[in-house]
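Here is my_file26.cif, consisting of mmCIF, C-alpha atoms:
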data_target
loop_
_atom_site.label_atom_id
_atom_site.label_comp_id
_atom_site.auth_asym_id
_atom_site.auth_seq_id
_atom_site.Cartn_x
_atom_site.Cartn_y
_atom_site.Cartn_z
CA MET Y 247 0.00 0.00 0.00
CA THR Y 248 2.77 2.44 0.90
CA ILE Y 249 4.66 1.73 -2.32
CA ILE Y 250 1.51 2.32 -4.38
CA PHE Y 251 0.83 5.54 -2.46
CA LEU Y 252 4.35 6.87 -3.03
CA GLY Y 253 4.34 5.75 -6.67
CA LEU Y 254 1.11 7.64 -7.33
CA LEU Y 255 2.54 10.74 -5.69
CA PHE Y 256 5.63 10.59 -7.93
CA ILE Y 257 3.57 10.10 -11.10
CA LEU Y 258 1.07 12.84 -10.23
CA GLY Y 259 3.91 15.17 -9.28
CA ALA Y 260 5.61 14.60 -12.64
CA CYS Y 261 2.35 15.29 -14.51
CA PHE Y 262 1.71 18.47 -12.56
CA GLY Y 263 5.31 19.59 -13.11
CA SER Y 264 4.87 19.24 -16.86
CA PHE Y 265 1.59 21.14 -16.70
CA LEU Y 266 3.07 23.95 -14.59
CA CYS Y 267 5.99 24.53 -16.94
CA CYS Y 268 3.70 24.60 -19.96
CA GLN Y 269 1.32 27.05 -18.28
CA ALA Y 270 4.20 29.29 -17.21
CA ARG Y 271 5.27 29.64 -20.85
CA ARG Y 272 1.66 30.20 -21.95
CA MET Y 273 1.10 32.91 -19.31
CA HIS Y 274 4.25 34.75 -20.37
CA ALA Y 275 3.27 34.47 -24.03
CA ARG Y 276 -0.15 35.97 -23.28
CA SER Y 277 1.40 38.78 -21.23
CA THR Y 278 3.71 39.69 -24.12
CA LYS Y 279 0.96 39.36 -26.75
CA LYS Y 280 2.60 36.32 -28.27
CA GLY Y 281 -0.06 33.84 -27.21
CA SER Y 282 -0.66 32.76 -30.81
CA ARG Y 283 2.60 30.82 -30.63
CA PHE Y 284 1.02 28.48 -28.10
CA PRO Y 285 -1.96 26.55 -29.50
CA SER Y 286 -4.11 24.37 -27.26
CA HIS Y 287 -2.02 21.29 -28.10
CA SER Y 288 1.68 20.78 -27.33
CA ILE Y 289 4.16 21.70 -30.07
CA CYS Y 290 7.89 21.99 -30.62
CA LEU Y 291 8.82 25.66 -30.23
CA HIS Y 292 11.33 25.36 -33.09
CA CYS Y 293 9.55 23.50 -35.92
CA HIS Y 294 5.97 23.59 -34.52
CA TYR Y 295 5.70 19.82 -34.79
CA ARG Y 296 2.58 18.67 -32.95
CA LEU Y 297 3.74 16.35 -30.22
CA LYS Y 298 2.18 12.91 -29.97
CA TRP Y 299 0.89 11.51 -26.70
CA TYR Y 300 4.03 9.39 -26.34
CA ASP Y 301 6.15 12.54 -26.65
CA ASN Y 302 4.37 14.02 -23.64
CA ILE Y 303 5.02 11.36 -21.01
CA PRO Y 304 6.63 13.30 -18.15
CA ILE Y 305 10.33 12.59 -17.55
CA ILE Y 306 10.33 9.40 -19.66
CA SER Y 307 9.76 11.08 -23.05
CA TRP Y 308 12.47 13.66 -22.40
CA LEU Y 309 14.97 10.94 -21.49
CA LEU Y 310 14.06 8.69 -24.45
CA LEU Y 311 14.33 11.59 -26.88
CA ARG Y 312 17.56 12.72 -25.17
CA GLY Y 313 16.14 16.18 -24.73
CA ARG Y 314 15.51 16.78 -28.44
CA CYS Y 315 12.49 17.16 -30.73
CA ARG Y 316 11.55 13.95 -32.52
CA LYS Y 317 11.22 15.76 -35.89
CA CYS Y 318 13.76 18.62 -36.07
CA HIS Y 319 16.13 17.26 -33.39
CA LYS Y 320 16.52 20.70 -31.82
CA LYS Y 321 17.05 20.74 -28.08
CA ILE Y 322 13.98 20.73 -25.86
CA GLY Y 323 14.36 23.01 -22.88
CA PHE Y 324 15.88 21.41 -19.80
CA THR Y 325 13.43 23.47 -17.74
CA GLU Y 326 10.61 21.08 -18.63
CA PHE Y 327 12.51 18.03 -17.44
CA LEU Y 328 13.68 19.81 -14.31
CA ALA Y 329 10.13 20.94 -13.43
CA GLU Y 330 8.74 17.44 -13.95
CA PHE Y 331 11.40 15.69 -11.94
CA LEU Y 332 11.59 18.18 -9.07
CA THR Y 333 7.80 18.30 -8.64
CA ALA Y 334 7.64 14.50 -8.70
CA PHE Y 335 10.54 14.21 -6.26
CA SER Y 336 9.01 16.85 -3.97
CA TRP Y 337 5.70 15.01 -3.81
CA LEU Y 338 7.46 11.70 -3.22
CA THR Y 339 9.60 13.02 -0.37
CA LEU Y 340 6.66 14.90 1.17
CA GLY Y 341 4.80 11.59 1.13
CA LEU Y 342 7.67 9.86 2.90
CA SER Y 343 7.79 12.67 5.44
CA PHE Y 344 4.04 12.37 6.00
CA ILE Y 345 4.33 8.63 6.64
CA PHE Y 346 7.16 9.22 9.10
CA TYR Y 347 5.28 11.98 10.91
CA THR Y 348 2.06 10.00 11.27
CA LYS Y 349 3.96 6.77 12.02
CA SER Y 350 1.92 4.94 9.41
CA SER Y 351 2.76 1.28 8.82
CA LEU Y 352 3.37 -0.37 5.47
CA ASN Y 353 -0.24 -1.46 5.01
CA HIS Y 354 -2.09 0.90 7.35
CA PHE Y 355 -2.22 4.68 7.46
CA SER Y 356 -2.82 5.86 10.99
CA ALA Y 357 -3.03 9.54 10.11
CA SER Y 358 -5.94 11.57 11.45
CA PRO Y 359 -8.26 13.52 9.13
CA LEU Y 360 -6.48 16.70 10.28
CA ASP Y 361 -3.09 15.23 9.35
CA TRP Y 362 -4.45 14.34 5.92
CA ALA Y 363 -5.87 17.85 5.48
CA ILE Y 364 -2.49 19.43 6.27
CA PHE Y 365 -0.70 17.02 3.94
CA ILE Y 366 -3.08 17.58 1.02
CA ALA Y 367 -2.97 21.36 1.52
CA THR Y 368 0.84 21.20 1.56
CA LEU Y 369 0.85 19.23 -1.71
CA PHE Y 370 -1.52 21.77 -3.23
CA LEU Y 371 0.71 24.64 -2.08
CA THR Y 372 3.69 23.20 -3.94
CA LEU Y 373 1.88 23.80 -7.25
CA PRO Y 374 1.67 27.63 -7.18
CA LEU Y 375 5.08 27.78 -5.48
CA ILE Y 376 6.80 25.67 -8.13
CA PHE Y 377 4.96 27.64 -10.83
CA LEU Y 378 6.35 30.84 -9.30
CA ALA Y 379 9.84 29.35 -9.14
CA ILE Y 380 9.65 28.38 -12.82
CA TYR Y 381 8.27 31.74 -13.89
CA ASP Y 382 10.76 33.73 -11.84
CA GLY Y 383 13.64 31.59 -13.08
CA LEU Y 384 12.64 31.97 -16.73
CA TYR Y 385 11.37 35.55 -16.84
CA GLY Y 386 12.43 37.24 -13.58
CA GLU Y 387 8.83 37.97 -12.55
CA LEU Y 388 6.36 36.70 -9.96
CA PRO Y 389 2.73 36.82 -11.16
CA THR Y 390 0.46 38.47 -8.58
CA SER Y 391 -2.40 36.01 -9.04
CA LEU Y 392 -0.19 33.05 -8.11
CA LEU Y 393 1.24 34.93 -5.13
CA ILE Y 394 -2.29 35.54 -3.82
CA ILE Y 395 -3.20 31.86 -4.27
CA SER Y 396 -0.03 30.86 -2.40
CA ILE Y 397 -0.80 33.17 0.52
CA VAL Y 398 -4.41 31.93 0.78
CA VAL Y 399 -3.38 28.25 0.78
CA SER Y 400 -0.57 28.99 3.25
CA ALA Y 401 -3.05 30.69 5.58
CA ILE Y 402 -5.23 27.57 5.44
CA ILE Y 403 -2.21 25.42 6.32
CA LEU Y 404 -1.40 27.76 9.22
CA ILE Y 405 -4.94 27.43 10.62
CA LEU Y 406 -4.86 23.64 10.25
CA ARG Y 407 -1.47 23.43 11.97
CA GLU Y 408 -2.66 25.59 14.86
CA ILE Y 409 -5.71 23.38 15.34
CA SER Y 410 -3.51 20.28 15.22
CA TRP Y 411 -1.01 21.59 17.76
CA ALA Y 412 -3.80 22.81 20.04
CA SER Y 413 -5.47 19.39 19.97
CA GLN Y 414 -2.16 17.66 20.73
CA SER Y 415 -1.41 19.88 23.74
CA HIS Y 416 -4.54 18.64 25.58
CA SER Y 417 -4.42 21.81 27.67
CA GLY Y 418 -7.62 23.27 26.34
CA THR Y 419 -6.27 26.78 26.94
CA PHE Y 420 -4.97 29.43 24.58
CA SER Y 421 -1.18 29.61 24.33
CA PRO Y 422 0.69 32.79 23.29
CA ASP Y 423 2.79 30.57 21.00
CA TYR Y 424 -0.26 30.20 18.75
CA LEU Y 425 0.30 33.83 17.71
CA LEU Y 426 3.97 34.43 18.49
CA GLN Y 427 5.36 31.54 16.45
CA PRO Y 428 3.61 32.45 13.15
CA LEU Y 429 4.39 36.12 13.79
CA GLY Y 430 8.05 35.31 14.35
CA ALA Y 431 8.13 33.22 11.16
CA PHE Y 432 6.62 36.14 9.23
CA LEU Y 433 9.12 38.65 10.64
CA ILE Y 434 12.06 36.38 9.78
CA LEU Y 435 11.00 35.78 6.19
CA GLY Y 436 8.35 38.18 4.90
CA GLY Y 437 9.32 41.01 7.25
CA LEU Y 438 13.03 40.86 6.45
CA TYR Y 439 12.48 40.78 2.69
CA PHE Y 440 9.98 43.63 2.99
CA ILE Y 441 12.57 45.75 4.80
CA LEU Y 442 15.16 44.94 2.13
CA TYR Y 443 12.62 45.83 -0.54
CA LEU Y 444 11.94 49.22 1.04
CA ALA Y 445 15.61 49.95 1.82
CA SER Y 446 16.76 49.20 -1.71
CA LYS Y 447 13.66 50.59 -3.42
CA GLY Y 448 13.19 47.27 -5.16
CA LYS Y 449 16.79 46.87 -6.35
CA TRP Y 450 17.84 44.06 -3.99
CA VAL Y 451 14.46 42.42 -3.49
CA GLY Y 452 11.37 42.76 -5.65
CA ASP Y 453 7.89 43.35 -4.27
CA GLY Y 454 6.92 39.82 -5.30
CA ASP Y 455 9.77 38.28 -3.29
CA TRP Y 456 8.48 39.44 0.07
CA PHE Y 457 4.95 38.27 -0.80
CA LEU Y 458 6.41 34.86 -1.67
CA ALA Y 459 8.43 34.83 1.55
CA THR Y 460 5.27 35.68 3.49
CA ALA Y 461 3.40 32.73 1.95
CA ILE Y 462 6.26 30.40 2.90
CA ALA Y 463 6.39 31.81 6.44
CA LEU Y 464 2.66 31.21 6.94
CA ALA Y 465 2.96 27.64 5.69
CA LEU Y 466 5.91 26.86 7.99
CA SER Y 467 4.13 28.54 10.93
CA ARG Y 468 7.13 28.28 13.25
CA VAL Y 469 10.27 30.33 13.91
CA TRP Y 470 12.99 27.73 13.53
CA PRO Y 471 11.79 26.32 10.19
CA ALA Y 472 11.48 29.89 8.89
CA LEU Y 473 15.00 30.72 10.03
CA LEU Y 474 16.40 27.56 8.44
CA THR Y 475 14.54 28.32 5.21
CA LEU Y 476 15.97 31.85 5.11
CA THR Y 477 19.50 30.57 5.75
CA LEU Y 478 19.24 27.78 3.20
CA ALA Y 479 17.70 30.01 0.51
CA ASN Y 480 20.50 32.56 0.82
CA PHE Y 481 23.13 29.80 0.92
CA LEU Y 482 21.80 28.30 -2.31
CA ALA Y 483 21.67 31.76 -3.92
CA VAL Y 484 25.28 32.48 -2.96
CA ILE Y 485 26.44 29.15 -4.43
CA ILE Y 486 24.76 29.94 -7.74
CA MET Y 487 25.81 33.58 -7.66
CA ALA Y 488 29.51 32.88 -7.04
CA PRO Y 489 30.44 32.04 -10.67
CA ILE Y 490 28.15 34.82 -11.95
CA LEU Y 491 29.99 37.45 -9.90
CA HIS Y 492 33.18 36.62 -11.80
CA SER Y 493 31.40 37.24 -15.10
CA ARG Y 494 31.77 40.56 -16.89
CA HIS Y 495 28.05 40.64 -17.61
CA ARG Y 496 25.59 41.83 -15.01
CA HIS Y 497 22.86 39.40 -14.03
CA ASN Y 498 19.73 39.87 -11.97
CA LEU Y 499 19.45 36.78 -9.82
CA PRO Y 500 15.83 35.74 -9.15
CA LEU Y 501 15.23 34.85 -5.51
CA GLY Y 502 12.01 32.92 -6.08
CA PRO Y 503 13.55 29.57 -7.08
CA PHE Y 504 15.87 29.58 -4.06
CA LEU Y 505 13.09 30.44 -1.61
CA VAL Y 506 10.88 27.69 -3.00
CA ALA Y 507 13.70 25.13 -3.06
CA ALA Y 508 14.62 25.93 0.55
CA TYR Y 509 10.97 25.72 1.63
CA LEU Y 510 10.53 22.30 0.02
CA ILE Y 511 13.70 20.96 1.65
CA ILE Y 512 12.70 22.23 5.10
CA SER Y 513 9.11 20.98 4.66
CA VAL Y 514 10.37 17.49 3.90
CA ALA Y 515 12.78 17.62 6.88
CA TYR Y 516 10.15 19.16 9.19
CA PRO Y 517 9.03 15.92 10.94
CA TYR Y 518 12.57 14.56 11.18
CA LEU Y 519 13.85 17.71 12.88
CA SER Y 520 11.00 17.74 15.44
CA LEU Y 521 10.73 21.50 15.14
#
Turn the structure described in the file into C-alpha cells.
Amino acid sequence: MTIIFLGLLFILGACFGSFLCCQARRMHARSTKKGSRFPSHSICLHCHYRLKWYDNIPIISWLLLRGRCRKCHKKIGFTEFLAEFLTAFSWLTLGLSFIFYTKSSLNHFSASPLDWAIFIATLFLTLPLIFLAIYDGLYGELPTSLLIISIVVSAIILILREISWASQSHSGTFSPDYLLQPLGAFLILGGLYFILYLASKGKWVGDGDWFLATAIALALSRVWPALLTLTLANFLAVIIMAPILHSRHRHNLPLGPFLVAAYLIISVAYPYLSL
C-alpha cells in the first residue's frame, strides 16, 4: 500500500510539473501578446511539430528523446525536465515525510483527518510555489495572481497546523505561542524581505519576493523552520551567484527559485527535525 501511495505521488507530481511549466510559458506568451505561438495542443517551439501523446510522457519522453524534438532534433528546454522531476521528487519526499510523521505502517495509514488535510494542503501549495519558481527563473517575474493563491493556501495550512497543535497539547487553553510563532516566522521571512525591498527601493528584493516569503512563512508557521529556510535560501543563492559574480556581464538573480527550493527541503525535513 505504501509503495503504491508513493508511486502515485511521484507520477502525479511529474504530470503536474509538466503542466506547470507549460502554463508558465503560456502565461508569459499571453502577457507579451505572443499567445498565438502556443496553441491548445503541445508543439515543438522550433519547428511547430505537434507532439504525440508518447512525446508528452513526463520525464520518460524527455529521457528517451535525449532532450531533443523527434522531428527537427533541436534541443527541448531542460526546464521542462527539471520541473517534472523536481515536482515528482518533492511530492514523493513529502509523502515519505508524511508517513514518518504519522507513524503509518506499510499497510495501514494511521493519520488523522487533520493530518491528511495538512498534507493535502501542503501538496496543493507546492503547485503555485513551483509555478512561481519556474516563472521567476525563466522571466524574472512573480505573477500576482499566483502569489495571492499561495498566501491563501498557506493561511489555510497555518490554521490547520494551529488546530492540530492545540489538539495535541490537551491543555484546552490558549497559548501565546499560537500567535507568536507564526508572527516570528513572518518577521524572519516576509518582514526581512519587505525591509530589504523598502531599503533598496526594489533593487535588492522585488515586491513579489516578500509576498512569496510571506506565503512560505505562513505555511511553515514556526520560527525555527522559517530561520532555516531563510538561511538555506541565501546559501543556495550564494552558491549559484559565485560564478556569476566573476562574469563581466551583469545578471539579476531571481530569488524565487531559491526560496521555493529551501521551503521544500525544510518541509520534507520538518518531521525529522521535530521543530
Coordinates-based distance that separates atom CA of Leu310 of chain Y from atom CA of Gly263 of chain Y (Å, one decimal):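 Calculated distance between atom CA of Gly263 of chain Y and atom CA of Leu310 of chain Y is 18.0 Å.
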Using the chain letters and numbers from the file, give me the residues hit by the PyMOL selection byres ((chain Y and resi 271) around 10), as a list in words.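 Against this file, the PyMOL selection byres ((chain Y and resi 271) around 10) returns the residues Leu266, Cys267, Cys268, Gln269, Ala270, Arg272, Met273, His274, Ala275, Arg276, Ser277, Gly281, Phe284, Ile380, Tyr381, Leu384 and Tyr385 of chain Y.
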Test item: residues at most 10 Å from Gly386 of chain Y, all atoms listed in the file, excluding those fewer than 6 positions along its chain, as an MDAnalysis selection string: chainID Y and resid 378:380 452 498:502
Between atom CA of Pro428 of chain Y and atom CA of Phe377 of chain Y, what is the spacing in Å?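 For atom CA of Phe377 of chain Y relative to atom CA of Pro428 of chain Y, the distance reads 24.5 Å.
Between atom CA of Ser467 of chain Y and atom CA of Gly259 of chain Y lies a distance of 24.2 Å.
For the file at hand, the PyMOL selection byres ((chain Y and resi 406) around 10) resolves to Leu360, Asp361, Ala363, Ile364, Ala367, Ser400, Ala401, Ile402, Ile403, Leu404, Ile405, Arg407, Glu408, Ile409, Ser410, Trp411, Ala412 and Ala465 of chain Y.
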On this structure, which residues satisfy the PyMOL selection byres ((chain Y and resi 460-462) around 8), written as a PDB file with C-alpha atoms, keeping the file's coordinate frame?
ATOM      1  CA  LEU Y 393       1.240  34.930  -5.130  1.00  0.00           C
ATOM      2  CA  SER Y 396      -0.030  30.860  -2.400  1.00  0.00           C
ATOM      3  CA  ILE Y 397      -0.800  33.170   0.520  1.00  0.00           C
ATOM      4  CA  VAL Y 398      -4.410  31.930   0.780  1.00  0.00           C
ATOM      5  CA  SER Y 400      -0.570  28.990   3.250  1.00  0.00           C
ATOM      6  CA  ALA Y 401      -3.050  30.690   5.580  1.00  0.00           C
ATOM      7  CA  PHE Y 432       6.620  36.140   9.230  1.00  0.00           C
ATOM      8  CA  LEU Y 435      11.000  35.780   6.190  1.00  0.00           C
ATOM      9  CA  GLY Y 436       8.350  38.180   4.900  1.00  0.00           C
ATOM     10  CA  GLY Y 437       9.320  41.010   7.250  1.00  0.00           C
ATOM     11  CA  TRP Y 456       8.480  39.440   0.070  1.00  0.00           C
ATOM     12  CA  PHE Y 457       4.950  38.270  -0.800  1.00  0.00           C
ATOM     13  CA  LEU Y 458       6.410  34.860  -1.670  1.00  0.00           C
ATOM     14  CA  ALA Y 459       8.430  34.830   1.550  1.00  0.00           C
ATOM     15  CA  ALA Y 463       6.390  31.810   6.440  1.00  0.00           C
ATOM     16  CA  LEU Y 464       2.660  31.210   6.940  1.00  0.00           C
ATOM     17  CA  ALA Y 465       2.960  27.640   5.690  1.00  0.00           C
ATOM     18  CA  LEU Y 466       5.910  26.860   7.990  1.00  0.00           C
ATOM     19  CA  ALA Y 472      11.480  29.890   8.890  1.00  0.00           C
ATOM     20  CA  VAL Y 506      10.880  27.690  -3.000  1.00  0.00           C
ATOM     21  CA  TYR Y 509      10.970  25.720   1.630  1.00  0.00           C
TER      22      TYR Y 509
END
Tell me which protein, DNA and RNA residues are within 9 Å of Ile257 of chain Y, counting only C-alpha atoms, leaving out same-chain ones fewer than 3 positions away, and put them as a PyMOL selection string. chain Y and resi 252-254+260-262+304+334+338
Using all atoms listed in the file, find the one residue out of Y:Ile394, Y:Ser264, Y:Lys298, Y:Pro422 that sits nearest to Gly323 of chain Y.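 When distances to Gly323 of chain Y are compared using all atoms listed in the file, the smallest one comes from Y:Ser264.
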Distance query Gly341 of chain Y at most 12 Å, all atoms listed in the file, self and fewer than 4 positions along chain excluded, as a PyMOL selection string: chain Y and resi 248-256+259+334-337+345-350+355+361-362+364-366+368-369+513-515+517
Box time for segment 376-382 of chain Y: axis-aligned, enclosing all its listed atoms, 5 Å extra on each side; report centre and edge lengths in Å to one decimal, as JSON.
{"center_x": 7.9, "center_y": 29.7, "center_z": -11.0, "size_x": 15.8, "size_y": 18.1, "size_z": 15.8}
Across Y:Leu426, Y:Pro374, Y:Leu392, Y:Ile511, the smallest distance to Leu476 of chain Y, with only C-alpha atoms counted, is shown by Y:Ile511
Would you mind telling me which residue in Y:Asp453, Y:Leu258, Y:Leu478, Y:Arg312 lies nearest to Thr390 of chain Y when using all atoms listed in the file? Y:Asp453
Restricting the calculation to only C-alpha atoms: of Y:Pro389, Y:Pro471, Y:Gly448, Y:Gly454, which residue gets closest to Ala508 of chain Y?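 Checking each of Y:Pro389, Y:Pro471, Y:Gly448, Y:Gly454 against Ala508 of chain Y, counting only C-alpha atoms, the winner is Y:Pro471.
Distance annotation: of Y:Ala329, Y:Leu482, Y:Ile441, Y:Leu505, the residue with the minimal separation from Leu373 of chain Y is Y:Ala329; atom set is all atoms listed in the file.
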Using only C-alpha atoms: which of Y:Trp450, Y:Trp470, Y:Phe370, Y:Phe331 has the shortest distance to Ile512 of chain Y: Y:Trp470
Can you sort out segment 433-462 of chain Y so it carries N, CA and C atoms, written as a tab-separated table (two decimals), in the coordinates of the input?
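So the final result, stored in selection.tsv, reads:
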chain	number	residue	atom	x	y	z
Y	433	LEU	N	8.09	37.60	10.50
Y	433	LEU	CA	9.12	38.65	10.64
Y	433	LEU	C	10.45	38.19	10.07
Y	434	ILE	N	10.78	36.90	10.25
Y	434	ILE	CA	12.06	36.38	9.78
Y	434	ILE	C	12.10	36.32	8.26
Y	435	LEU	N	11.01	35.92	7.64
Y	435	LEU	CA	11.00	35.78	6.19
Y	435	LEU	C	10.35	36.99	5.50
Y	436	GLY	N	9.04	37.09	5.58
Y	436	GLY	CA	8.35	38.18	4.90
Y	436	GLY	C	8.79	39.54	5.38
Y	437	GLY	N	8.93	39.71	6.70
Y	437	GLY	CA	9.32	41.01	7.25
Y	437	GLY	C	10.70	41.45	6.80
Y	438	LEU	N	11.66	40.53	6.84
Y	438	LEU	CA	13.03	40.86	6.45
Y	438	LEU	C	13.10	41.24	4.98
Y	439	TYR	N	12.45	40.46	4.12
Y	439	TYR	CA	12.48	40.78	2.69
Y	439	TYR	C	11.74	42.08	2.40
Y	440	PHE	N	10.70	42.37	3.19
Y	440	PHE	CA	9.98	43.63	2.99
Y	440	PHE	C	10.87	44.82	3.34
Y	441	ILE	N	11.64	44.68	4.41
Y	441	ILE	CA	12.57	45.75	4.80
Y	441	ILE	C	13.63	45.95	3.72
Y	442	LEU	N	14.17	44.84	3.21
Y	442	LEU	CA	15.16	44.94	2.13
Y	442	LEU	C	14.57	45.57	0.88
Y	443	TYR	N	13.31	45.25	0.62
Y	443	TYR	CA	12.62	45.83	-0.54
Y	443	TYR	C	12.49	47.34	-0.39
Y	444	LEU	N	12.09	47.79	0.80
Y	444	LEU	CA	11.94	49.22	1.04
Y	444	LEU	C	13.30	49.93	1.04
Y	445	ALA	N	14.29	49.31	1.70
Y	445	ALA	CA	15.61	49.95	1.82
Y	445	ALA	C	16.29	50.11	0.47
Y	446	SER	N	16.09	49.15	-0.40
Y	446	SER	CA	16.76	49.20	-1.71
Y	446	SER	C	15.88	49.77	-2.81
Y	447	LYS	N	14.63	50.10	-2.45
Y	447	LYS	CA	13.66	50.59	-3.42
Y	447	LYS	C	13.47	49.60	-4.57
Y	448	GLY	N	13.45	48.33	-4.19
Y	448	GLY	CA	13.19	47.27	-5.16
Y	448	GLY	C	14.39	46.78	-5.93
Y	449	LYS	N	15.60	47.29	-5.60
Y	449	LYS	CA	16.79	46.87	-6.35
Y	449	LYS	C	17.35	45.55	-5.85
Y	450	TRP	N	17.32	45.31	-4.55
Y	450	TRP	CA	17.84	44.06	-3.99
Y	450	TRP	C	16.77	42.97	-3.99
Y	451	VAL	N	15.58	43.36	-3.61
Y	451	VAL	CA	14.46	42.42	-3.49
Y	451	VAL	C	13.24	43.04	-4.15
Y	452	GLY	N	12.57	42.27	-5.00
Y	452	GLY	CA	11.37	42.76	-5.65
Y	452	GLY	C	10.16	42.68	-4.73
Y	453	ASP	N	9.09	43.38	-5.11
Y	453	ASP	CA	7.89	43.35	-4.27
Y	453	ASP	C	7.28	41.95	-4.22
Y	454	GLY	N	7.44	41.17	-5.30
Y	454	GLY	CA	6.92	39.82	-5.30
Y	454	GLY	C	7.67	38.89	-4.36
Y	455	ASP	N	8.95	39.16	-4.14
Y	455	ASP	CA	9.77	38.28	-3.29
Y	455	ASP	C	9.28	38.27	-1.85
Y	456	TRP	N	8.91	39.44	-1.32
Y	456	TRP	CA	8.48	39.44	0.07
Y	456	TRP	C	7.08	38.86	0.23
Y	457	PHE	N	6.25	38.95	-0.82
Y	457	PHE	CA	4.95	38.27	-0.80
Y	457	PHE	C	5.16	36.75	-0.80
Y	458	LEU	N	6.09	36.28	-1.62
Y	458	LEU	CA	6.41	34.86	-1.67
Y	458	LEU	C	6.96	34.39	-0.33
Y	459	ALA	N	7.86	35.17	0.25
Y	459	ALA	CA	8.43	34.83	1.55
Y	459	ALA	C	7.35	34.79	2.63
Y	460	THR	N	6.37	35.68	2.53
Y	460	THR	CA	5.27	35.68	3.49
Y	460	THR	C	4.45	34.40	3.38
Y	461	ALA	N	4.15	33.97	2.15
Y	461	ALA	CA	3.40	32.73	1.95
Y	461	ALA	C	4.14	31.55	2.57
Y	462	ILE	N	5.45	31.49	2.35
Y	462	ILE	CA	6.26	30.40	2.90
Y	462	ILE	C	6.28	30.45	4.42
